[in-house]
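Peer 1: Structure file data.cif, mmCIF, C-alpha atoms, is pasted below:
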```
data_query
loop_
_atom_site.label_atom_id
_atom_site.label_comp_id
_atom_site.auth_asym_id
_atom_site.auth_seq_id
_atom_site.Cartn_x
_atom_site.Cartn_y
_atom_site.Cartn_z
CA ALA A 1 90.46 112.22 -58.16
CA LEU A 2 93.56 114.00 -56.99
CA ALA A 3 96.07 115.40 -59.45
CA GLY A 4 99.79 115.62 -59.13
CA LEU A 5 101.06 112.05 -59.47
CA VAL A 6 102.35 110.38 -62.64
CA LEU A 7 102.77 106.63 -62.61
CA SER A 8 105.37 105.24 -65.01
CA PRO A 9 105.59 101.46 -65.17
CA ALA A 10 109.12 100.43 -66.13
CA ALA A 11 110.15 97.30 -67.99
CA ALA A 12 111.37 94.71 -65.49
CA ALA A 13 114.40 93.92 -67.65
CA SER A 14 115.76 97.44 -67.58
CA ALA A 15 114.44 98.56 -64.20
CA ALA A 16 116.81 96.44 -62.17
CA GLY A 17 119.78 98.03 -63.93
CA GLU A 18 118.58 101.62 -64.24
CA ILE A 19 116.67 102.34 -61.04
CA ASN A 20 118.75 102.52 -57.91
CA SER A 21 116.33 101.81 -55.10
CA PRO A 22 116.21 99.39 -52.17
CA THR A 23 112.55 98.62 -53.03
CA VAL A 24 113.41 97.21 -56.48
CA SER A 25 114.81 93.68 -56.54
CA ALA A 26 115.97 91.77 -59.60
CA SER A 27 113.85 88.62 -59.09
CA GLY A 28 110.40 87.60 -57.92
CA ASP A 29 108.80 90.83 -59.11
CA VAL A 30 105.48 91.14 -60.90
CA MET A 31 106.08 94.75 -61.98
CA HIS A 32 108.54 97.61 -61.57
CA GLY A 33 107.45 101.22 -61.72
CA VAL A 34 108.35 104.80 -60.91
CA LEU A 35 106.22 107.36 -59.07
CA GLN A 36 106.73 110.89 -60.38
CA ALA A 37 105.13 114.16 -59.29
CA SER A 38 103.84 116.27 -62.19
CA ALA A 39 103.69 119.32 -59.94
CA PRO A 40 105.63 120.30 -56.81
CA LEU A 41 104.45 117.78 -54.23
CA PRO A 42 106.34 117.04 -51.02
CA VAL A 43 106.93 113.37 -50.22
CA PRO A 44 104.94 112.87 -47.00
CA SER A 45 107.19 112.10 -44.04
CA GLY A 46 106.39 108.60 -42.80
CA GLY A 47 103.92 108.10 -45.63
CA SER A 48 103.42 105.23 -48.02
CA ALA A 49 102.31 104.41 -51.54
CA VAL A 50 99.57 101.80 -51.87
CA VAL A 51 99.92 100.21 -55.33
CA THR A 52 97.06 98.11 -56.71
CA LEU A 53 97.22 95.90 -59.85
CA ARG A 54 94.39 94.58 -62.01
CA VAL A 55 94.59 92.65 -65.30
CA VAL A 56 93.45 94.57 -68.40
CA GLY A 57 90.38 92.95 -69.97
CA ARG A 58 89.93 90.23 -67.35
CA ASN A 59 87.62 90.09 -64.36
CA THR A 60 89.78 88.90 -61.48
CA ASN A 61 87.14 89.61 -58.81
CA GLY A 62 89.07 92.46 -57.24
CA PRO A 63 92.69 93.54 -57.19
CA LEU A 64 95.24 91.00 -58.38
CA ALA A 65 97.84 92.44 -56.03
CA THR A 66 98.11 95.19 -53.44
CA ALA A 67 101.51 96.37 -52.25
CA THR A 68 102.33 99.00 -49.65
CA VAL A 69 105.59 100.81 -50.39
CA PRO A 70 106.98 102.83 -47.46
CA LEU A 71 108.22 106.31 -48.39
CA GLN A 72 111.49 107.18 -46.75
CA ASP A 73 111.90 110.49 -44.94
CA GLY A 74 113.77 112.95 -47.14
CA ALA A 75 113.00 111.01 -50.33
CA ALA A 76 112.66 112.95 -53.57
CA TRP A 77 110.70 112.29 -56.75
CA PRO A 78 110.94 110.10 -58.81
CA LEU A 79 110.49 107.11 -56.48
CA ALA A 80 111.11 103.58 -57.75
CA PHE A 81 108.99 100.69 -56.53
CA ALA A 82 108.37 97.02 -57.24
CA VAL A 83 105.31 94.84 -56.72
CA GLU A 84 106.55 91.42 -55.66
CA ARG A 85 104.93 87.99 -55.96
CA SER A 86 104.32 88.04 -52.21
CA SER A 87 101.87 90.91 -52.80
CA LEU A 88 99.65 88.78 -55.06
CA ARG A 89 96.26 87.80 -53.71
CA GLU A 90 96.25 84.24 -52.33
CA GLY A 91 95.46 81.62 -54.96
CA VAL A 92 96.37 83.78 -57.98
CA ASN A 93 98.07 81.63 -60.61
CA ASP A 94 100.87 82.98 -62.81
CA PHE A 95 98.82 82.57 -66.01
CA MET A 96 96.45 85.25 -64.65
CA TRP A 97 99.06 88.00 -64.94
CA GLU A 98 102.47 87.02 -66.38
CA ARG A 99 101.66 87.63 -70.07
CA GLU A 100 98.94 90.23 -69.49
CA ASP A 101 98.92 94.02 -69.46
CA LEU A 102 98.10 95.45 -66.04
CA PHE A 103 96.15 98.45 -64.81
CA VAL A 104 98.17 100.11 -62.04
CA ARG A 105 96.91 102.54 -59.42
CA ALA A 106 99.01 104.21 -56.74
CA ASP A 107 97.68 106.22 -53.80
CA ILE A 108 100.16 108.33 -51.83
CA LEU A 109 99.17 108.41 -48.17
CA THR A 110 100.39 110.44 -45.21
CA ALA A 111 101.40 108.69 -41.98
CA ALA A 112 97.86 109.41 -40.73
CA GLY A 113 96.32 107.64 -43.76
CA LYS A 114 95.14 110.74 -45.67
CA THR A 115 95.38 110.42 -49.48
CA VAL A 116 97.46 113.29 -50.93
CA ALA A 117 97.81 112.07 -54.53
CA THR A 118 96.58 109.31 -56.84
CA GLY A 119 98.07 108.07 -60.09
CA ARG A 120 96.85 105.57 -62.68
CA SER A 121 98.61 103.89 -65.60
CA LYS A 122 99.08 100.67 -67.57
CA ALA A 123 102.02 98.29 -67.44
CA LYS A 124 102.73 96.41 -70.67
CA ALA A 125 103.66 92.74 -70.41
CA ILE A 126 107.16 92.01 -71.67
CA ASP A 127 109.27 88.93 -72.39
CA VAL A 128 112.95 88.80 -71.52
CA SER A 129 114.73 86.06 -73.50
CA GLY A 130 111.41 84.26 -73.98
CA THR A 131 110.47 84.40 -70.30
CA PRO A 132 107.58 86.63 -69.17
#
```
Transcribe the structure of this file into structure tokens.
Peer 2:
Amino acid sequence: ALAGLVLSPAAAASAAGEINSPTVSASGDVMHGVLQASAPLPVPSGGSAVVTLRVVGRNTNGPLATATVPLQDGAAWPLAFAVERSSLREGVNDFMWEREDLFVRADILTAAGKTVATGRSKAKAIDVSGTP
């Protein structure tokens, strides 16, 4: 396990208004989050973050979703990201995740594919005006 990365899932309702990032859209998202470095860690030029989601307390036979978030050259921590519905594994129904807490893992990779940091966290399910 590599140290140096803090994963902070953000509530979808507030993330769209508070996080200014081209990777965060206001609709069609499963989860919004923020990658933060707990120690000085350069953002790898041409690198990416591979974000994996699993449901807490449910065996979904592997990751529920896997999203690759490109890291822009010159980016600085914290980095906002969103996992969209299009990143869900084929055949995954909404009831599998929309009202469930999620385990989240993010691996920061260099352009060559070397892992430079890993972060793990939980994302709490929220309702916005009665809608998950």
Peer 1: Between A:Val43, A:Val51, A:Asn59, A:Thr115, which has the minimum distance to Gln72 (chain A) (counting only C-alpha atoms)?
Peer 2: A:Val43
Peer 1: Would you kindly translate the PyMOL selection byres ((chain A and resi 67) around 6) into the concrete residues it picks from this file, as a list of chain:residue names?
Peer 2: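 Given this file, the PyMOL selection byres ((chain A and resi 67) around 6) evaluates to A:Val50, A:Val51, A:Thr66, A:Thr68, A:Ser87.
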Peer 1: Ranking A:Leu102, A:Leu109, A:Val116, A:Ala49 by minimum distance to Phe81 (chain A) and counting only C-alpha atoms, which one comes first?
Peer 2: A:Ala49
Peer 1: Between CA of Met31 (chain A) and CA of Arg58 (chain A), what is the distance, to one decimal in Å?
Peer 2: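 Calculated distance between CA of Met31 (chain A) and CA of Arg58 (chain A) is 17.6 Å.
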Peer 1: Starting from the PyMOL selection byres ((chain A and resi 122) around 6), expand the selection into actual residues of this file and give them as a list in words.
Peer 2: Leu102, Phe103, Val104, Ser121 and Ala123 of chain A
Peer 1: Closest to Asn93 (chain A) among A:Gly113, A:Ala80, A:Ala65, A:Thr118, using all atoms listed in the file?
Peer 2: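 Closest to Asn93 (chain A) of all the choices is A:Ala65.
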Peer 1: Nearest residue to Ala37 (chain A) out of A:Trp97, A:Glu90, A:Asp107, A:Ala117, using all atoms listed in the file?
Peer 2: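 When distances to Ala37 (chain A) are compared using all atoms listed in the file, the smallest one comes from A:Ala117.
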